[in-house]
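**Q** Provided herewith is a single structure, encoded as structure tokens, for subsequent inquiry.
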Number of protein chains: 2
Amino acid sequence: MQDKNKKNQYSNPPTMHDVADVAGVSQMTVSRVMRGTGYVSDDVLKRVEDAARSIGYVHNRLAGGMSKYDNPLVGVVVPSLQNRVFTEVLSGISDTLNKNNLRPVFGVTEYSLEREEEIVFDLLSWRPRGLILAGLEHTDGLRRIIEQTGVKTAEIMDVDGSALAASFGISQKAAGEQMAMHLIAKGYKNFAYIAGLDERAKKRFNAFKTCIEEHGGTISQTRISKKTLSMKEGRVLTADILSGANKPEAIYYSNDDLAAGGLMHCIADGLKVPDDIALAGFNGLNFLEALPVQITTTKTPRYDIGVEAANWISNKSSEKEERRAHQFDIELIEGDTT
Amino acid sequence: MQDKNKKNQYSNPPTMHDVADVAGVSQMTVSRVMRGTGYVSDDVLKRVEDAARSIGYVHNRLAGGMSKYDNPLVGVVVPSLQNRVFTEVLSGISDTLNKNNLRPVFGVTEYSLEREEEIVFDLLSWRPRGLILAGLEHTDGLRRIIEQTGVKTAEIMDVDGSALAASFGISQKAAGEQMAMHLIAKGYKNFAYIAGLDERAKKRFNAFKTCIEEHGGTISQTRISKKTLSMKEGRVLTADILSGANKPEAIYYSNDDLAAGGLMHCIADGLKVPDDIALAGFNGLNFLEALPVQITTTKTPRYDIGVEAANWISNKSSEKEERRAHQFDIELIEGDTT
DNA sequence: AAAATATATGTTTGCGCAAACATAAGTCAA
DNA sequence: TTGACTTATGTTTGCGCAAACATATATTTT
């Protein structure tokens, strides 16, 4: 009977009230200490912290987040974790959100827009402060959800096209043209292209192709892989292209892994680069520096893109005016392969 | 006056009550539809879904999660996103949690145990269903928090040592011994070792060294890098080791990136592998397949470790009995470098 | 046809916290 | 010394949902 009205032990799991009882203050004061807001005297601060530690109290944000949301979660959705490009962007995002006391909640789409919509819908149920999505291509359903909920959204990697909100990335078009001009200047005329299904690569290639053809060159062969765009795949597809008739003078790859794989094929096969065959990649990943031959590539600021997008999400500024493209510079790194 | 008691527009953001009003059912029925639990007729199901869509309602888990937690969040903490080993484990985790309708919330420690403790404490404020941590080394504070809160915790990568809870990984000791025996059998006696600060590599190396010395070999040089363990770093350190006196016959690297970098140095320098110098890596990453020479390495089941750990977290089974080490098999891949 | 069961919906209640609003004591300028 | 402000704490209230507990109507079994 006596236990019914008065517990002599703390609730399990312990609540702010339990901490408050131990520290001899009100629940609200504990709340202030936990969040580090408002006025709290040094004495009380210490007592509350000690009390919390002693009974093993952990702040419960599910409860607080309910009344009003200044929720520190940020939804981050990328196509893949196997692609270093995305993990580097993720690093930038993760580092920056941490600095701003925000937490990423992740989703991986495996390059499916439908999956992306599902994942975003699910993430929104956590009332995140913001959303970071890869690319500018989304389902209509996803666009509608984002508009309806008004969640602050950053799109990363790409700035060519209509952005839903703020976009942070590079101009794929400019990148494709830049590499085309470089290869033209080097005197190459006959090209092959190796890539995957990626939308951004497609935009890049379209610009590349147009530019090449305008200058009298041709793309005589293309290989679009549906597999993971690994070094191995690059090696296999390069071998395939070079085994046929009408050998190209240069191969443009949609990423550095493919290009490095191509280089490995050439080394193993005793081909001279760039005399027998020229190679160009994309991204400027760090591992290229370790290769015995420097591959010509386009360097993209992946980490920085993540940092800036995360910073934008972190700022409480007026979202409406901020809806614009943040274009990052790219740099053509001329190596020994062109 | 009339607006005060009766809104003619829906709340912003809309709630289950708003959906219920539109669909002409009770709030509880909407809740059932949203979660897909309990009995709901086809007619009502459709009406509720339409109503939700029409007013742009998104389920709010912060609210529901409050009363009782069967929270679908899982905290996942790894040292780095730049290391493919972790991103592959993460892939396994992400895929598996998705299948079980759970969501990962991420933290990156940058190899700091103090940072890990902070991150975990923060993640716990979301009352996650479980926690996945890398490694068996943690601060005392972290151990205490995990015990106090009783959160279901999986430790991954490593099984040698006292696990906090369930561990999923390989025996680093066995891996080190296995490679030592292989190299001994090949007749090598004089070794160099290149690695980073990683605890798991240290365990591996200790077993490797003991085994080598027991068989009359010596580790004549070691390089412990504090930088990112990239191909570039491997190339630089390999060049350093081979430039001095007392050249080793074989180099054992703590990961494949370092070993591949070593190989690149050999190719660029015209060294014959394994006659001039033998190389052995660790992990069995896929990119090795694309190299012109196959590097001898130990293949570890990274993706599977992620899958199993995530599955274990997903199961609602009795945690107590499950506290044990789940040891995965490793495989020595003999390439052309030993 | 009665009883047992499966299906479908509604009502009440409280989760744990933080906003909004007190209150009260200390500090400073006039 | 009065009033204005700063600092420090407490009280009340409601956030939006899901558990627990009703009903109530179909369907099946005996």
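Labels for the structure tokens follow display order: chains A, B, ..., residues from 1 in each chain, ligands from 1.
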Residues of chain A within 12 Å of chain C: nearest atom pair and distance (Å, one decimal) for each, counting only C-alpha atoms (C1' of nucleotides), sorted by chain and number, as a Markdown table?

**A**
| residue | atom | partner | partner_atom | distance |
| --- | --- | --- | --- | --- |
| A:Ser11 | CA | C:DG16 | C1' | 11.8 |
| A:Pro13 | CA | C:DG16 | C1' | 11.1 |
| A:Pro14 | CA | C:DG16 | C1' | 10.2 |
| A:Thr15 | CA | C:DG16 | C1' | 7.1 |
| A:Met16 | CA | C:DG16 | C1' | 7.8 |
| A:His17 | CA | C:DG16 | C1' | 9.1 |
| A:Asp18 | CA | C:DG16 | C1' | 11.4 |
| A:Gln27 | CA | C:DC17 | C1' | 9.1 |
| A:Met28 | CA | C:DA18 | C1' | 7.9 |
| A:Thr29 | CA | C:DA18 | C1' | 10.8 |
| A:Val30 | CA | C:DC17 | C1' | 10.5 |
| A:Ser31 | CA | C:DA18 | C1' | 7.6 |
| A:Arg32 | CA | C:DA18 | C1' | 9.0 |
| A:Met34 | CA | C:DC17 | C1' | 11.2 |
| A:Arg35 | CA | C:DA18 | C1' | 10.1 |
| A:Thr37 | CA | C:DA18 | C1' | 11.0 |
| A:Gly38 | CA | C:DA18 | C1' | 11.8 |
| A:Val58 | CA | C:DG16 | C1' | 12.0 |
| A:His59 | CA | C:DC17 | C1' | 9.5 |
| A:Asn60 | CA | C:DG16 | C1' | 7.6 |
| A:Arg61 | CA | C:DC17 | C1' | 7.9 |
| A:Leu62 | CA | C:DG16 | C1' | 8.3 |
| A:Ala63 | CA | C:DC17 | C1' | 5.0 |
| A:Gly64 | CA | C:DC17 | C1' | 4.2 |
| A:Gly65 | CA | C:DC17 | C1' | 7.8 |
| A:Met66 | CA | C:DC17 | C1' | 8.0 |
| A:Ser67 | CA | C:DA18 | C1' | 7.0 |
| A:Lys68 | CA | C:DA18 | C1' | 8.0 |
| A:Tyr69 | CA | C:DA18 | C1' | 10.2 |
| A:Asp70 | CA | C:DA18 | C1' | 11.0 |

**Q** Using only C-alpha atoms (C1' of nucleotides), find which residues of chain D lie within 10 Å of chain B and jot them down as a list in words.

**A** DC15, DG16, DC17, DA18 and DA19 of chain D

**Q** Residues of chain B near chain A: apply a cut-off of 7 Å, count only C-alpha atoms, and supply the list as an MDAnalysis selection string.

**A** chainID B and resid 56 58:63 65:66 81:82 87:88 91 104:106 124:127 145 148:149 230:232 235 261 264:265 267:268 287 289:292

**Q** Give the helix (DSSP H, G or I) residues of range 30-274 of chain B, as assigned by DSSP on the backbone, as an NGL selection string.

**A** :B and (30-35 or 42-55 or 61-67 or 84-99 or 113-124 or 140-149 or 172-185 or 199-214 or 231-243 or 256-269)

**Q** Store the residues picked out above in a file with C-alpha atoms, as a CSV table (one decimal), in the first residue's frame.

**A**
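Final output, saved to selection-v4.csv:
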chain,number,residue,atom,x,y,z
B,30,VAL,CA,-5.1,6.9,-38.3
B,31,SER,CA,-2.4,5.8,-35.9
B,32,ARG,CA,-3.1,2.2,-36.8
B,33,VAL,CA,-2.9,3.0,-40.5
B,34,MET,CA,0.4,4.9,-40.2
B,35,ARG,CA,2.1,2.1,-38.3
B,42,ASP,CA,-9.6,-1.7,-46.8
B,43,ASP,CA,-12.1,1.1,-47.1
B,44,VAL,CA,-10.8,3.0,-44.1
B,45,LEU,CA,-7.2,2.3,-45.1
B,46,LYS,CA,-7.6,4.0,-48.4
B,47,ARG,CA,-9.6,6.9,-47.0
B,48,VAL,CA,-6.9,7.6,-44.4
B,49,GLU,CA,-4.1,7.3,-46.8
B,50,ASP,CA,-5.8,9.7,-49.2
B,51,ALA,CA,-6.6,12.1,-46.4
B,52,ALA,CA,-3.0,12.1,-45.2
B,53,ARG,CA,-1.6,12.7,-48.6
B,54,SER,CA,-4.1,15.4,-49.4
B,55,ILE,CA,-3.2,17.5,-46.3
B,61,ARG,CA,7.7,9.5,-34.3
B,62,LEU,CA,9.0,11.9,-31.7
B,63,ALA,CA,5.6,12.0,-30.2
B,64,GLY,CA,4.8,8.3,-30.3
B,65,GLY,CA,8.2,7.3,-29.3
B,66,MET,CA,7.6,9.0,-26.0
B,67,SER,CA,5.1,6.8,-24.3
B,84,ARG,CA,36.9,1.5,-46.9
B,85,VAL,CA,36.8,-1.1,-44.3
B,86,PHE,CA,34.3,0.9,-42.3
B,87,THR,CA,32.2,2.0,-45.2
B,88,GLU,CA,31.8,-1.6,-46.2
B,89,VAL,CA,30.8,-2.6,-42.8
B,90,LEU,CA,28.5,0.4,-42.8
B,91,SER,CA,27.0,-0.8,-46.1
B,92,GLY,CA,26.2,-4.2,-44.5
B,93,ILE,CA,24.7,-2.4,-41.5
B,94,SER,CA,22.7,0.0,-43.6
B,95,ASP,CA,21.3,-2.6,-45.9
B,96,THR,CA,20.3,-4.9,-43.1
B,97,LEU,CA,18.8,-2.2,-40.9
B,98,ASN,CA,16.7,-1.0,-43.8
B,99,LYS,CA,15.4,-4.5,-44.4
B,113,LEU,CA,37.8,7.2,-27.6
B,114,GLU,CA,36.7,10.4,-25.8
B,115,ARG,CA,34.9,11.5,-28.8
B,116,GLU,CA,33.2,8.1,-29.0
B,117,GLU,CA,31.9,8.5,-25.4
B,118,GLU,CA,30.5,11.9,-26.2
B,119,ILE,CA,28.8,10.7,-29.4
B,120,VAL,CA,27.3,7.7,-27.7
B,121,PHE,CA,25.9,9.8,-24.9
B,122,ASP,CA,24.4,12.1,-27.4
B,123,LEU,CA,23.0,9.2,-29.5
B,124,LEU,CA,21.4,7.7,-26.4
B,140,ASP,CA,35.3,3.5,-18.6
B,141,GLY,CA,32.7,6.2,-18.8
B,142,LEU,CA,31.2,4.7,-21.9
B,143,ARG,CA,31.2,1.3,-20.4
B,144,ARG,CA,29.3,2.6,-17.4
B,145,ILE,CA,26.8,4.4,-19.5
B,146,ILE,CA,26.1,1.3,-21.5
B,147,GLU,CA,25.6,-0.8,-18.5
B,148,GLN,CA,23.5,1.8,-16.7
B,149,THR,CA,21.1,2.3,-19.6
B,172,GLN,CA,43.2,-10.4,-35.2
B,173,LYS,CA,45.5,-12.8,-33.4
B,174,ALA,CA,44.6,-15.6,-35.7
B,175,ALA,CA,45.1,-13.4,-38.8
B,176,GLY,CA,48.5,-12.3,-37.7
B,177,GLU,CA,49.6,-15.8,-37.0
B,178,GLN,CA,48.2,-17.1,-40.3
B,179,MET,CA,50.2,-14.6,-42.3
B,180,ALA,CA,53.3,-15.2,-40.3
B,181,MET,CA,53.1,-18.9,-41.0
B,182,HIS,CA,52.6,-18.3,-44.7
B,183,LEU,CA,55.6,-16.1,-45.0
B,184,ILE,CA,57.8,-18.4,-42.9
B,185,ALA,CA,56.7,-21.3,-45.2
B,199,GLU,CA,44.4,-1.1,-32.0
B,200,ARG,CA,43.4,-4.0,-34.2
B,201,ALA,CA,46.5,-3.8,-36.3
B,202,LYS,CA,48.5,-3.8,-33.1
B,203,LYS,CA,46.9,-7.1,-31.9
B,204,ARG,CA,47.5,-8.6,-35.3
B,205,PHE,CA,51.1,-7.5,-35.4
B,206,ASN,CA,51.9,-8.8,-31.9
B,207,ALA,CA,50.7,-12.2,-32.9
B,208,PHE,CA,52.6,-11.9,-36.2
B,209,LYS,CA,55.8,-10.9,-34.5
B,210,THR,CA,55.7,-13.6,-31.9
B,211,CYS,CA,55.1,-16.2,-34.5
B,212,ILE,CA,57.9,-14.9,-36.8
B,213,GLU,CA,60.4,-14.8,-33.9
B,214,GLU,CA,59.4,-18.3,-32.7
B,231,MET,CA,48.2,4.1,-51.0
B,232,LYS,CA,50.3,7.2,-51.1
B,233,GLU,CA,51.5,6.7,-47.6
B,234,GLY,CA,52.3,3.1,-48.3
B,235,ARG,CA,54.3,4.1,-51.3
B,236,VAL,CA,56.3,6.7,-49.3
B,237,LEU,CA,57.0,4.5,-46.4
B,238,THR,CA,58.0,1.6,-48.6
B,239,ALA,CA,60.4,3.8,-50.5
B,240,ASP,CA,61.8,4.9,-47.2
B,241,ILE,CA,62.3,1.3,-45.9
B,242,LEU,CA,63.9,0.1,-49.2
B,243,SER,CA,66.2,3.1,-49.4
B,256,ASP,CA,45.8,-3.3,-48.5
B,257,ASP,CA,46.0,0.4,-49.4
B,258,LEU,CA,49.5,0.6,-47.9
B,259,ALA,CA,50.4,-2.7,-49.6
B,260,ALA,CA,49.2,-1.4,-52.9
B,261,GLY,CA,51.1,1.7,-52.5
B,262,GLY,CA,54.2,-0.4,-51.8
B,263,LEU,CA,53.5,-2.3,-55.0
B,264,MET,CA,53.2,1.0,-56.9
B,265,HIS,CA,56.6,2.0,-55.6
B,266,CYS,CA,58.1,-1.3,-56.8
B,267,ILE,CA,56.5,-0.9,-60.3
B,268,ALA,CA,57.7,2.7,-60.6
B,269,ASP,CA,61.2,1.7,-59.3

**Q** DSSP on the backbone: what in range 9-243 of chain A comes out strand (DSSP E), as a PyMOL selection string?

**A** chain A and resi 73-78+103-108+130-134+152-158+166-170+190-195+218-224

**Q** To one decimal in Å, tell me the separation between CA of Leu133 in chain A and CA of Pro79 in chain A.

**A**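 Separating CA of Leu133 in chain A from CA of Pro79 in chain A is a distance of 9.1 Å.
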
**Q** Grab the CA of Asp304 in chain A to CA of Phe168 in chain A distance for me, in Å with one decimal place.

**A** 9.5 Å

**Q** Could you tell me how far CA of Ile194 in chain B lies from CA of Leu271 in chain B, in Å and to one decimal?

**A**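 Result for CA of Ile194 in chain B versus CA of Leu271 in chain B: 18.5 Å, one decimal.
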